[in-house]
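K.L.:
Just dropping this structure here.
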Amino acid sequence: MSVAGLRKAAHETVAGLPREFWWLWTSTLVNRLGAFVATFMALYLTLDRGYSASYAGLVASLHGLGGVVSSLGAGVMTDRLGRRPTMLIAQLSTAVSVAVLGFMVHPVAIAGVAFVVGMASNASRPAVQAMMADIVRPEDRVRAFSLNYWAVNLGFAVSSAGAGFIAEYSYMAGFLGEALLTLLCAVVVFLKVPESRPEEEPRKAGEAAPDDVRLSTVLRDGRYMGVVGLSFLVALIFQQGYVGLPVAMGTDGLSSSDFGTAIAVNGVLIVALQIPVTRFIQHRDPRRLLIISSALAGYGFGLTAFAGSVGVYALTVCVWTLAEIVNAPTQTGLVVQLAPAHGRGRYQGMYTMSWSVAALIAPLMSGFVIDHYGAAWLWGTCAVLGTVTAAGYWLLMRNLELPEPVVAASTASEDRTASEDQAAPEDQAAPEDRTAPEPAV
């Protein structure tokens, strides 16, 4: 592709998104750039503090349990208090709790504060996703979620590399560094991100207020809960890349650095391909994309049963990473489409919880299957789960009429833009030039 073609593709990727989105995107990037503690926590507890691997695993589980607990609570806060207050409370709480965790010495204190950190760090996710749905046009949401997912992975890749160097210097510097960057994230939200919660429609005199969306409302939404259940199965598959894959590679006689090489392919591909792949899929039927990506994820992990070298393991990572690139923004966009505007926080909280629960169960699942049956059975199970998930999406959404016609809206928007560009005088700036997003700084 020529330089002009690359410039046009980059412009089409970022054009048309509101300025508020780019500040929210910036806060996400800053937040993930500071995600040091999750990377080196196990090493900190075992090497620096001298605790056992079992205790380190317990602390990791408590951290994950905190995320499960906060998902629903943060969803309720997002709808009641607003998106911006929820994010500020979550980020300030994360900054304080991470800093406190660095000073904890007693094992009970470390475990307790780790649980609080898990709650705080996970609490902003429903608010961020709900705010993006509020401020971005329906036809641009898949692209916006994809850009946000790209920022998450870019920030995590940089922070993971930096965590190793920071840990060699001082673990305390990592705790305090994450606290400071999380605080900076809160400052960005406070100064630049306005509240986006939809206002209630005015009512006539004597008219009763509409019923609020409650958690019970979400639970009674059978189709949506079906999507949540399928997202849990997908998350259970993807989590094996971080819990089952290193164990399986170890049983094949490969080292931790070999695992690092193989899993690094995941981050590199996401950073390199997330944006161009999203440009390809953003106007396509999300139902078909979810079916294909779910099956591809299952079979990608299923192929791991035939791996025996670093190169083949890396090749299987390429397969399921492509599925992840397609699945993540598409599934998030579908969740937004199925959720009512005044209940997005609770709906997003339930969706976030499905991933948090998967992060808790995946280590137990991989350990049990590998110990009792062998790694090949784990990868076969992933292939079965992928097939079941794909079939579930087909059954659940074959008669689904999406409330927002994303494909049609996107095509119409492009047609209008093209006609305006053709009609504009040559000496007049193009519409994109007047609405270019503010650079993320």
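Numbering starts fresh at 1 for the residues of each chain in the structure tokens, the chains themselves are lettered A, B, ... in the order given, and ligands are numbered from 1 as they appear.
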From a backbone DSSP assignment, name each residue in stretch 211-355 of chain A labelled alpha helix (DSSP H), as a tab-separated table (two decimals) with N, CA, C and O atoms, in the first residue's frame.

P.N.:
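That gives us part_2.tsv:
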```tsv
chain	number	residue	atom	x	y	z
A	215	LEU	N	-31.07	-4.74	38.30
A	215	LEU	CA	-30.33	-5.96	38.00
A	215	LEU	C	-31.29	-7.11	37.70
A	215	LEU	O	-31.00	-7.97	36.86
A	216	SER	N	-32.44	-7.11	38.38
A	216	SER	CA	-33.43	-8.15	38.10
A	216	SER	C	-33.95	-8.03	36.67
A	216	SER	O	-34.29	-9.03	36.03
A	217	THR	N	-34.02	-6.79	36.15
A	217	THR	CA	-34.44	-6.58	34.77
A	217	THR	C	-33.45	-7.22	33.81
A	217	THR	O	-33.83	-7.86	32.83
A	218	VAL	N	-32.16	-7.03	34.09
A	218	VAL	CA	-31.12	-7.62	33.25
A	218	VAL	C	-31.21	-9.15	33.29
A	218	VAL	O	-31.12	-9.82	32.25
A	219	LEU	N	-31.39	-9.69	34.49
A	219	LEU	CA	-31.45	-11.14	34.64
A	219	LEU	C	-32.66	-11.74	33.92
A	219	LEU	O	-32.62	-12.89	33.47
A	220	ARG	N	-33.75	-10.98	33.84
A	220	ARG	CA	-34.95	-11.48	33.15
A	220	ARG	C	-34.87	-11.33	31.63
A	220	ARG	O	-35.72	-11.86	30.92
A	222	GLY	N	-33.82	-12.65	28.75
A	222	GLY	CA	-33.31	-13.95	28.38
A	222	GLY	C	-32.30	-13.92	27.25
A	222	GLY	O	-31.26	-14.59	27.31
A	223	ARG	N	-32.58	-13.15	26.20
A	223	ARG	CA	-31.66	-13.10	25.07
A	223	ARG	C	-30.33	-12.49	25.48
A	223	ARG	O	-29.26	-12.97	25.11
A	224	TYR	N	-30.40	-11.41	26.26
A	224	TYR	CA	-29.16	-10.77	26.68
A	224	TYR	C	-28.35	-11.68	27.59
A	224	TYR	O	-27.13	-11.78	27.45
A	225	MET	N	-29.00	-12.35	28.52
A	225	MET	CA	-28.28	-13.27	29.41
A	225	MET	C	-27.70	-14.43	28.62
A	225	MET	O	-26.66	-14.98	28.99
A	226	GLY	N	-28.34	-14.79	27.52
A	226	GLY	CA	-27.75	-15.79	26.64
A	226	GLY	C	-26.45	-15.30	26.04
A	226	GLY	O	-25.46	-16.04	25.95
A	227	VAL	N	-26.43	-14.02	25.62
A	227	VAL	CA	-25.20	-13.42	25.10
A	227	VAL	C	-24.12	-13.39	26.18
A	227	VAL	O	-22.94	-13.66	25.92
A	228	VAL	N	-24.51	-13.05	27.41
A	228	VAL	CA	-23.56	-13.03	28.53
A	228	VAL	C	-22.98	-14.43	28.75
A	228	VAL	O	-21.77	-14.59	28.96
A	229	GLY	N	-23.84	-15.44	28.71
A	229	GLY	CA	-23.36	-16.81	28.89
A	229	GLY	C	-22.39	-17.22	27.79
A	229	GLY	O	-21.37	-17.88	28.05
A	230	LEU	N	-22.69	-16.84	26.55
A	230	LEU	CA	-21.78	-17.17	25.45
A	230	LEU	C	-20.48	-16.39	25.54
A	230	LEU	O	-19.41	-16.93	25.22
A	231	SER	N	-20.54	-15.15	26.01
A	231	SER	CA	-19.31	-14.39	26.21
A	231	SER	C	-18.44	-15.02	27.29
A	231	SER	O	-17.21	-14.99	27.22
A	232	PHE	N	-19.08	-15.62	28.29
A	232	PHE	CA	-18.34	-16.34	29.32
A	232	PHE	C	-17.58	-17.52	28.71
A	232	PHE	O	-16.40	-17.76	29.04
A	233	LEU	N	-18.23	-18.27	27.82
A	233	LEU	CA	-17.56	-19.41	27.18
A	233	LEU	C	-16.39	-18.94	26.32
A	233	LEU	O	-15.31	-19.55	26.32
A	234	VAL	N	-16.59	-17.85	25.58
A	234	VAL	CA	-15.51	-17.30	24.77
A	234	VAL	C	-14.35	-16.86	25.65
A	234	VAL	O	-13.17	-17.12	25.36
A	235	ALA	N	-14.67	-16.17	26.75
A	235	ALA	CA	-13.63	-15.72	27.67
A	235	ALA	C	-12.88	-16.90	28.28
A	235	ALA	O	-11.66	-16.85	28.47
A	236	LEU	N	-13.61	-17.97	28.57
A	236	LEU	CA	-12.99	-19.17	29.13
A	236	LEU	C	-11.96	-19.75	28.16
A	236	LEU	O	-10.90	-20.25	28.57
A	237	ILE	N	-12.26	-19.66	26.87
A	237	ILE	CA	-11.32	-20.14	25.86
A	237	ILE	C	-10.09	-19.24	25.80
A	237	ILE	O	-8.94	-19.70	25.87
A	238	PHE	N	-10.32	-17.92	25.68
A	238	PHE	CA	-9.19	-17.00	25.54
A	238	PHE	C	-8.29	-16.99	26.77
A	238	PHE	O	-7.07	-16.79	26.66
A	239	GLN	N	-8.85	-17.20	27.95
A	239	GLN	CA	-8.04	-17.19	29.16
A	239	GLN	C	-7.00	-18.31	29.17
A	239	GLN	O	-5.98	-18.21	29.84
A	240	GLN	N	-7.24	-19.37	28.41
A	240	GLN	CA	-6.29	-20.48	28.39
A	240	GLN	C	-4.94	-20.08	27.78
A	240	GLN	O	-3.94	-20.75	27.99
A	241	GLY	N	-4.92	-18.99	27.05
A	241	GLY	CA	-3.66	-18.51	26.52
A	241	GLY	C	-2.71	-18.02	27.59
A	241	GLY	O	-1.50	-17.93	27.35
A	242	TYR	N	-3.25	-17.75	28.79
A	242	TYR	CA	-2.43	-17.21	29.87
A	242	TYR	C	-2.35	-18.16	31.08
A	242	TYR	O	-1.52	-17.94	31.96
A	243	VAL	N	-3.21	-19.18	31.11
A	243	VAL	CA	-3.17	-20.12	32.24
A	243	VAL	C	-2.86	-21.55	31.79
A	243	VAL	O	-2.08	-22.26	32.42
A	244	GLY	N	-3.45	-21.99	30.69
A	244	GLY	CA	-3.20	-23.34	30.22
A	244	GLY	C	-1.99	-23.45	29.33
A	244	GLY	O	-1.23	-24.43	29.39
A	245	LEU	N	-1.78	-22.44	28.48
A	245	LEU	CA	-0.68	-22.48	27.52
A	245	LEU	C	0.70	-22.56	28.18
A	245	LEU	O	1.52	-23.40	27.77
A	246	PRO	N	1.02	-21.74	29.19
A	246	PRO	CA	2.34	-21.86	29.81
A	246	PRO	C	2.58	-23.22	30.47
A	246	PRO	O	3.69	-23.74	30.43
A	247	VAL	N	1.53	-23.78	31.06
A	247	VAL	CA	1.68	-25.10	31.69
A	247	VAL	C	1.95	-26.17	30.63
A	247	VAL	O	2.83	-27.03	30.78
A	248	ALA	N	1.19	-26.11	29.53
A	248	ALA	CA	1.37	-27.10	28.47
A	248	ALA	C	2.75	-26.98	27.83
A	248	ALA	O	3.40	-28.01	27.54
A	249	MET	N	3.22	-25.77	27.63
A	249	MET	CA	4.56	-25.60	27.06
A	249	MET	C	5.63	-26.11	28.02
A	249	MET	O	6.65	-26.66	27.60
A	250	GLY	N	5.38	-25.93	29.31
A	250	GLY	CA	6.33	-26.44	30.29
A	250	GLY	C	6.42	-27.95	30.29
A	250	GLY	O	7.50	-28.53	30.41
A	251	THR	N	5.27	-28.61	30.13
A	251	THR	CA	5.28	-30.08	30.08
A	251	THR	C	5.98	-30.59	28.82
A	251	THR	O	6.43	-31.74	28.79
A	256	SER	N	10.17	-20.66	30.29
A	256	SER	CA	9.29	-19.50	30.44
A	256	SER	C	9.58	-18.46	29.38
A	256	SER	O	8.67	-17.74	28.93
A	257	SER	N	10.85	-18.34	28.96
A	257	SER	CA	11.17	-17.39	27.89
A	257	SER	C	10.56	-17.85	26.57
A	257	SER	O	10.18	-17.01	25.73
A	258	ASP	N	10.46	-19.18	26.35
A	258	ASP	CA	9.79	-19.68	25.15
A	258	ASP	C	8.31	-19.31	25.16
A	258	ASP	O	7.75	-18.91	24.13
A	259	PHE	N	7.69	-19.43	26.35
A	259	PHE	CA	6.29	-18.99	26.45
A	259	PHE	C	6.17	-17.50	26.18
A	259	PHE	O	5.26	-17.05	25.49
A	260	GLY	N	7.11	-16.71	26.74
A	260	GLY	CA	7.08	-15.28	26.50
A	260	GLY	C	7.18	-14.93	25.03
A	260	GLY	O	6.50	-14.03	24.54
A	261	THR	N	8.01	-15.68	24.30
A	261	THR	CA	8.14	-15.45	22.87
A	261	THR	C	6.84	-15.77	22.14
A	261	THR	O	6.39	-15.00	21.27
A	262	ALA	N	6.22	-16.89	22.50
A	262	ALA	CA	4.99	-17.30	21.82
A	262	ALA	C	3.84	-16.34	22.13
A	262	ALA	O	3.11	-15.91	21.22
A	263	ILE	N	3.66	-15.98	23.39
A	263	ILE	CA	2.53	-15.13	23.76
A	263	ILE	C	2.74	-13.69	23.31
A	263	ILE	O	1.77	-12.94	23.14
A	264	ALA	N	4.00	-13.29	23.09
A	264	ALA	CA	4.25	-11.94	22.59
A	264	ALA	C	3.64	-11.74	21.21
A	264	ALA	O	3.31	-10.62	20.82
A	265	VAL	N	3.48	-12.83	20.46
A	265	VAL	CA	2.85	-12.76	19.15
A	265	VAL	C	1.44	-12.21	19.27
A	265	VAL	O	0.96	-11.46	18.40
A	266	ASN	N	0.75	-12.56	20.36
A	266	ASN	CA	-0.61	-12.07	20.58
A	266	ASN	C	-0.65	-10.54	20.63
A	266	ASN	O	-1.43	-9.90	19.92
A	267	GLY	N	0.21	-9.96	21.47
A	267	GLY	CA	0.22	-8.50	21.59
A	267	GLY	C	0.65	-7.81	20.32
A	267	GLY	O	0.07	-6.78	19.93
A	268	VAL	N	1.66	-8.36	19.65
A	268	VAL	CA	2.16	-7.74	18.42
A	268	VAL	C	1.08	-7.74	17.34
A	268	VAL	O	0.86	-6.73	16.65
A	269	LEU	N	0.38	-8.86	17.18
A	269	LEU	CA	-0.65	-8.94	16.16
A	269	LEU	C	-1.83	-8.01	16.46
A	269	LEU	O	-2.39	-7.40	15.55
A	270	ILE	N	-2.21	-7.92	17.72
A	270	ILE	CA	-3.32	-7.03	18.07
A	270	ILE	C	-2.97	-5.59	17.77
A	270	ILE	O	-3.76	-4.85	17.17
A	271	VAL	N	-1.77	-5.17	18.14
A	271	VAL	CA	-1.34	-3.79	17.87
A	271	VAL	C	-1.25	-3.54	16.37
A	271	VAL	O	-1.63	-2.48	15.86
A	272	ALA	N	-0.77	-4.55	15.61
A	272	ALA	CA	-0.56	-4.36	14.18
A	272	ALA	C	-1.84	-4.51	13.36
A	272	ALA	O	-2.02	-3.80	12.36
A	273	LEU	N	-2.74	-5.40	13.77
A	273	LEU	CA	-3.88	-5.75	12.92
A	273	LEU	C	-5.23	-5.26	13.41
A	273	LEU	O	-6.20	-5.30	12.65
A	274	GLN	N	-5.35	-4.84	14.68
A	274	GLN	CA	-6.66	-4.49	15.21
A	274	GLN	C	-7.35	-3.43	14.37
A	274	GLN	O	-8.53	-3.55	14.02
A	275	ILE	N	-6.65	-2.37	14.03
A	275	ILE	CA	-7.27	-1.27	13.28
A	275	ILE	C	-7.61	-1.66	11.85
A	275	ILE	O	-8.75	-1.46	11.40
A	276	PRO	N	-6.67	-2.25	11.06
A	276	PRO	CA	-7.07	-2.64	9.69
A	276	PRO	C	-8.15	-3.70	9.64
A	276	PRO	O	-9.03	-3.66	8.77
A	277	VAL	N	-8.12	-4.67	10.56
A	277	VAL	CA	-9.17	-5.70	10.57
A	277	VAL	C	-10.51	-5.08	10.90
A	277	VAL	O	-11.55	-5.43	10.32
A	278	THR	N	-10.52	-4.13	11.82
A	278	THR	CA	-11.78	-3.48	12.18
A	278	THR	C	-12.35	-2.70	11.01
A	278	THR	O	-13.57	-2.68	10.80
A	279	ARG	N	-11.50	-2.06	10.21
A	279	ARG	CA	-11.98	-1.36	9.01
A	279	ARG	C	-12.64	-2.34	8.05
A	279	ARG	O	-13.58	-1.98	7.33
A	280	PHE	N	-12.17	-3.58	8.06
A	280	PHE	CA	-12.75	-4.59	7.17
A	280	PHE	C	-14.08	-5.12	7.69
A	280	PHE	O	-14.99	-5.42	6.89
A	281	ILE	N	-14.24	-5.23	9.01
A	281	ILE	CA	-15.42	-5.89	9.56
A	281	ILE	C	-16.50	-4.93	10.03
A	281	ILE	O	-17.63	-5.37	10.31
A	286	PRO	N	-22.75	-8.39	12.58
A	286	PRO	CA	-22.07	-8.83	13.80
A	286	PRO	C	-22.42	-10.25	14.19
A	286	PRO	O	-21.62	-10.94	14.82
A	287	ARG	N	-23.60	-10.71	13.82
A	287	ARG	CA	-23.99	-12.08	14.16
A	287	ARG	C	-23.07	-13.10	13.48
A	287	ARG	O	-22.60	-14.05	14.10
A	288	ARG	N	-22.82	-12.88	12.21
A	288	ARG	CA	-21.94	-13.79	11.48
A	288	ARG	C	-20.51	-13.71	12.01
A	288	ARG	O	-19.81	-14.73	12.13
A	289	LEU	N	-20.06	-12.50	12.34
A	289	LEU	CA	-18.70	-12.33	12.85
A	289	LEU	C	-18.51	-13.07	14.17
A	289	LEU	O	-17.46	-13.66	14.43
A	290	LEU	N	-19.53	-13.03	15.04
A	290	LEU	CA	-19.42	-13.71	16.33
A	290	LEU	C	-19.40	-15.23	16.16
A	290	LEU	O	-18.67	-15.93	16.88
A	291	ILE	N	-20.18	-15.73	15.23
A	291	ILE	CA	-20.17	-17.19	14.97
A	291	ILE	C	-18.81	-17.63	14.46
A	291	ILE	O	-18.21	-18.60	14.96
A	292	ILE	N	-18.28	-16.91	13.48
A	292	ILE	CA	-16.99	-17.28	12.89
A	292	ILE	C	-15.86	-17.14	13.90
A	292	ILE	O	-15.01	-18.03	14.04
A	293	SER	N	-15.83	-16.02	14.64
A	293	SER	CA	-14.72	-15.79	15.57
A	293	SER	C	-14.76	-16.78	16.74
A	293	SER	O	-13.69	-17.19	17.23
A	294	SER	N	-15.94	-17.17	17.19
A	294	SER	CA	-16.03	-18.15	18.28
A	294	SER	C	-15.47	-19.51	17.84
A	294	SER	O	-14.71	-20.15	18.58
A	295	ALA	N	-15.87	-19.94	16.65
A	295	ALA	CA	-15.36	-21.21	16.14
A	295	ALA	C	-13.85	-21.13	15.92
A	295	ALA	O	-13.12	-22.07	16.24
A	296	LEU	N	-13.38	-20.01	15.37
A	296	LEU	CA	-11.94	-19.85	15.12
A	296	LEU	C	-11.16	-19.86	16.41
A	296	LEU	O	-10.06	-20.42	16.47
A	297	ALA	N	-11.70	-19.26	17.47
A	297	ALA	CA	-11.02	-19.28	18.77
A	297	ALA	C	-10.89	-20.71	19.29
A	297	ALA	O	-9.82	-21.13	19.73
A	298	GLY	N	-11.98	-21.46	19.24
A	298	GLY	CA	-11.94	-22.84	19.73
A	298	GLY	C	-10.98	-23.71	18.95
A	298	GLY	O	-10.16	-24.43	19.53
A	299	TYR	N	-11.03	-23.61	17.62
A	299	TYR	CA	-10.16	-24.44	16.80
A	299	TYR	C	-8.71	-23.96	16.85
A	299	TYR	O	-7.78	-24.76	16.69
A	300	GLY	N	-8.51	-22.65	17.07
A	300	GLY	CA	-7.15	-22.14	17.21
A	300	GLY	C	-6.47	-22.75	18.42
A	300	GLY	O	-5.31	-23.20	18.34
A	301	PHE	N	-7.20	-22.80	19.54
A	301	PHE	CA	-6.64	-23.47	20.72
A	301	PHE	C	-6.60	-24.98	20.53
A	301	PHE	O	-5.71	-25.65	21.06
A	302	GLY	N	-7.55	-25.52	19.79
A	302	GLY	CA	-7.54	-26.95	19.53
A	302	GLY	C	-6.29	-27.38	18.79
A	302	GLY	O	-5.74	-28.47	19.04
A	310	VAL	N	8.36	-24.06	19.72
A	310	VAL	CA	7.98	-22.66	19.91
A	310	VAL	C	7.31	-22.11	18.66
A	310	VAL	O	6.31	-21.39	18.72
A	311	GLY	N	7.83	-22.47	17.49
A	311	GLY	CA	7.28	-21.96	16.24
A	311	GLY	C	5.84	-22.39	16.02
A	311	GLY	O	4.99	-21.59	15.61
A	312	VAL	N	5.54	-23.65	16.30
A	312	VAL	CA	4.17	-24.14	16.10
A	312	VAL	C	3.23	-23.53	17.15
A	312	VAL	O	2.09	-23.18	16.84
A	313	TYR	N	3.71	-23.42	18.38
A	313	TYR	CA	2.89	-22.76	19.40
A	313	TYR	C	2.58	-21.32	18.98
A	313	TYR	O	1.44	-20.85	19.13
A	314	ALA	N	3.58	-20.61	18.46
A	314	ALA	CA	3.36	-19.23	18.01
A	314	ALA	C	2.36	-19.19	16.86
A	314	ALA	O	1.55	-18.25	16.75
A	315	LEU	N	2.38	-20.21	16.00
A	315	LEU	CA	1.43	-20.26	14.89
A	315	LEU	C	0.00	-20.42	15.40
A	315	LEU	O	-0.93	-19.78	14.90
A	316	THR	N	-0.20	-21.24	16.42
A	316	THR	CA	-1.54	-21.39	16.99
A	316	THR	C	-2.00	-20.10	17.66
A	316	THR	O	-3.18	-19.76	17.62
A	317	VAL	N	-1.05	-19.38	18.27
A	317	VAL	CA	-1.39	-18.08	18.87
A	317	VAL	C	-1.90	-17.12	17.80
A	317	VAL	O	-2.83	-16.34	18.03
A	318	CYS	N	-1.29	-17.18	16.60
A	318	CYS	CA	-1.75	-16.32	15.50
A	318	CYS	C	-3.21	-16.59	15.16
A	318	CYS	O	-3.99	-15.66	14.91
A	319	VAL	N	-3.60	-17.87	15.17
A	319	VAL	CA	-4.97	-18.23	14.80
A	319	VAL	C	-5.97	-17.68	15.80
A	319	VAL	O	-6.94	-17.00	15.42
A	320	TRP	N	-5.76	-17.96	17.10
A	320	TRP	CA	-6.78	-17.49	18.06
A	320	TRP	C	-6.69	-15.99	18.33
A	320	TRP	O	-7.66	-15.38	18.77
A	321	THR	N	-5.54	-15.38	18.04
A	321	THR	CA	-5.46	-13.92	18.17
A	321	THR	C	-6.32	-13.24	17.11
A	321	THR	O	-6.98	-12.23	17.39
A	322	LEU	N	-6.33	-13.78	15.90
A	322	LEU	CA	-7.22	-13.23	14.86
A	322	LEU	C	-8.67	-13.31	15.30
A	322	LEU	O	-9.45	-12.38	15.08
A	323	ALA	N	-9.04	-14.42	15.94
A	323	ALA	CA	-10.40	-14.54	16.47
A	323	ALA	C	-10.67	-13.49	17.54
A	323	ALA	O	-11.75	-12.90	17.60
A	324	GLU	N	-9.69	-13.24	18.39
A	324	GLU	CA	-9.83	-12.23	19.44
A	324	GLU	C	-10.02	-10.84	18.85
A	324	GLU	O	-10.84	-10.05	19.34
A	325	ILE	N	-9.25	-10.52	17.82
A	325	ILE	CA	-9.33	-9.21	17.18
A	325	ILE	C	-10.73	-8.96	16.63
A	325	ILE	O	-11.26	-7.84	16.71
A	326	VAL	N	-11.35	-9.99	16.07
A	326	VAL	CA	-12.69	-9.85	15.51
A	326	VAL	C	-13.75	-9.88	16.61
A	326	VAL	O	-14.71	-9.09	16.61
A	327	ASN	N	-13.58	-10.76	17.59
A	327	ASN	CA	-14.63	-11.00	18.58
A	327	ASN	C	-14.80	-9.85	19.56
A	327	ASN	O	-15.93	-9.47	19.88
A	328	ALA	N	-13.68	-9.28	20.05
A	328	ALA	CA	-13.76	-8.32	21.15
A	328	ALA	C	-14.62	-7.09	20.82
A	328	ALA	O	-15.60	-6.81	21.53
A	329	PRO	N	-14.31	-6.31	19.76
A	329	PRO	CA	-15.14	-5.13	19.50
A	329	PRO	C	-16.55	-5.49	19.03
A	329	PRO	O	-17.51	-4.76	19.32
A	330	THR	N	-16.69	-6.61	18.30
A	330	THR	CA	-18.02	-7.00	17.81
A	330	THR	C	-18.94	-7.36	18.97
A	330	THR	O	-20.11	-6.95	19.00
A	331	GLN	N	-18.43	-8.13	19.91
A	331	GLN	CA	-19.24	-8.55	21.05
A	331	GLN	C	-19.61	-7.37	21.93
A	331	GLN	O	-20.75	-7.25	22.40
A	332	THR	N	-18.65	-6.46	22.16
A	332	THR	CA	-18.96	-5.27	22.95
A	332	THR	C	-20.00	-4.41	22.28
A	332	THR	O	-20.90	-3.86	22.93
A	333	GLY	N	-19.90	-4.27	20.95
A	333	GLY	CA	-20.91	-3.50	20.21
A	333	GLY	C	-22.29	-4.12	20.30
A	333	GLY	O	-23.30	-3.42	20.42
A	334	LEU	N	-22.36	-5.45	20.25
A	334	LEU	CA	-23.66	-6.14	20.37
A	334	LEU	C	-24.27	-5.91	21.74
A	334	LEU	O	-25.48	-5.69	21.87
A	335	VAL	N	-23.44	-5.94	22.78
A	335	VAL	CA	-23.94	-5.70	24.14
A	335	VAL	C	-24.58	-4.32	24.23
A	335	VAL	O	-25.65	-4.14	24.82
A	336	VAL	N	-23.96	-3.33	23.62
A	336	VAL	CA	-24.51	-1.97	23.63
A	336	VAL	C	-25.84	-1.92	22.90
A	336	VAL	O	-26.79	-1.27	23.34
A	337	GLN	N	-25.94	-2.61	21.78
A	337	GLN	CA	-27.16	-2.58	20.99
A	337	GLN	C	-28.34	-3.24	21.73
A	337	GLN	O	-29.49	-2.84	21.54
A	338	LEU	N	-28.05	-4.23	22.54
A	338	LEU	CA	-29.11	-4.93	23.25
A	338	LEU	C	-29.51	-4.25	24.55
A	338	LEU	O	-30.53	-4.61	25.15
A	344	ARG	N	-27.50	1.10	30.57
A	344	ARG	CA	-26.25	0.58	30.00
A	344	ARG	C	-25.24	0.18	31.07
A	344	ARG	O	-24.48	-0.77	30.87
A	345	GLY	N	-25.22	0.88	32.18
A	345	GLY	CA	-24.26	0.54	33.23
A	345	GLY	C	-24.49	-0.86	33.77
A	345	GLY	O	-23.55	-1.64	33.88
A	346	ARG	N	-25.74	-1.17	34.11
A	346	ARG	CA	-26.04	-2.50	34.65
A	346	ARG	C	-25.80	-3.59	33.61
A	346	ARG	O	-25.27	-4.66	33.92
A	347	TYR	N	-26.19	-3.32	32.37
A	347	TYR	CA	-25.97	-4.30	31.32
A	347	TYR	C	-24.47	-4.53	31.08
A	347	TYR	O	-24.02	-5.67	30.93
A	348	GLN	N	-23.70	-3.43	31.03
A	348	GLN	CA	-22.26	-3.57	30.84
A	348	GLN	C	-21.62	-4.25	32.05
A	348	GLN	O	-20.65	-5.01	31.91
A	349	GLY	N	-22.14	-3.98	33.25
A	349	GLY	CA	-21.61	-4.63	34.44
A	349	GLY	C	-21.80	-6.14	34.40
A	349	GLY	O	-20.89	-6.90	34.76
A	350	MET	N	-22.96	-6.59	33.93
A	350	MET	CA	-23.20	-8.03	33.81
A	350	MET	C	-22.27	-8.64	32.77
A	350	MET	O	-21.74	-9.75	32.98
A	351	TYR	N	-22.06	-7.94	31.67
A	351	TYR	CA	-21.15	-8.44	30.64
A	351	TYR	C	-19.72	-8.50	31.17
A	351	TYR	O	-19.00	-9.50	30.96
A	352	THR	N	-19.28	-7.46	31.88
A	352	THR	CA	-17.94	-7.46	32.46
A	352	THR	C	-17.76	-8.60	33.45
A	352	THR	O	-16.70	-9.23	33.52
A	353	MET	N	-18.82	-8.90	34.20
A	353	MET	CA	-18.73	-9.98	35.19
A	353	MET	C	-18.48	-11.32	34.52
A	353	MET	O	-17.80	-12.19	35.07
A	354	SER	N	-19.01	-11.52	33.31
A	354	SER	CA	-18.81	-12.80	32.64
A	354	SER	C	-17.33	-13.05	32.38
A	354	SER	O	-16.84	-14.18	32.50
A	355	TRP	N	-16.59	-12.00	32.06
A	355	TRP	CA	-15.15	-12.14	31.84
A	355	TRP	C	-14.41	-12.31	33.16
A	355	TRP	O	-13.42	-13.05	33.24
```

K.L.:
When you count only C-alpha atoms, which of these residues is closest to A:Pro340: A:Ala151, A:Ala133, A:Leu360, A:Val187?

P.N.:
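When distances to A:Pro340 are compared using only C-alpha atoms, the smallest one comes from A:Ala133.
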
K.L.:
Please report the interatomic distance between atom CA of A:Leu47 and atom CA of A:Gly253 in Å with one decimal.

P.N.:
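Straight-line distance from atom CA of A:Leu47 to atom CA of A:Gly253 works out to 22.8 Å.
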
K.L.:
Rounded to one decimal, what separation in Å do you get between atom CA of A:Trp25 and atom CA of A:Tyr393?

P.N.:
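Result for atom CA of A:Trp25 versus atom CA of A:Tyr393: 29.5 Å, one decimal.
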
K.L.:
For stretch 176-179 of chain A, find every residue with an atom within 7 Å (counting only C-alpha atoms), except residues of its own chain fewer than 5 positions away, and show them as a list in words.

P.N.:
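Skipping anything fewer than 5 positions along the chain leaves Gly34, Ala35, Phe36, Ala95, Val96, Val98 and Ala99 of chain A.
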
K.L.:
Residues of stretch 81-117 of chain A that approach stretch 51-60 of chain A to 8 Å or less, counting only C-alpha atoms: could you list each one with the shortest pair of atoms and its distance in Å to one decimal, rows by chain and increasing residue number, as a Markdown table?

P.N.:
```
| residue | atom | partner | partner_atom | distance |
| --- | --- | --- | --- | --- |
| A:Ile110 | CA | A:Val59 | CA | 7.8 |
| A:Ala111 | CA | A:Val59 | CA | 5.3 |
| A:Ala114 | CA | A:Val59 | CA | 6.6 |
| A:Phe115 | CA | A:Val59 | CA | 7.7 |
```

K.L.:
Identify which of the residues A:Phe40, A:Cys382, A:Val14, A:Ile370 lies closest to A:Phe165, counting only C-alpha atoms when measuring atom-to-atom distances.

P.N.:
A:Phe40
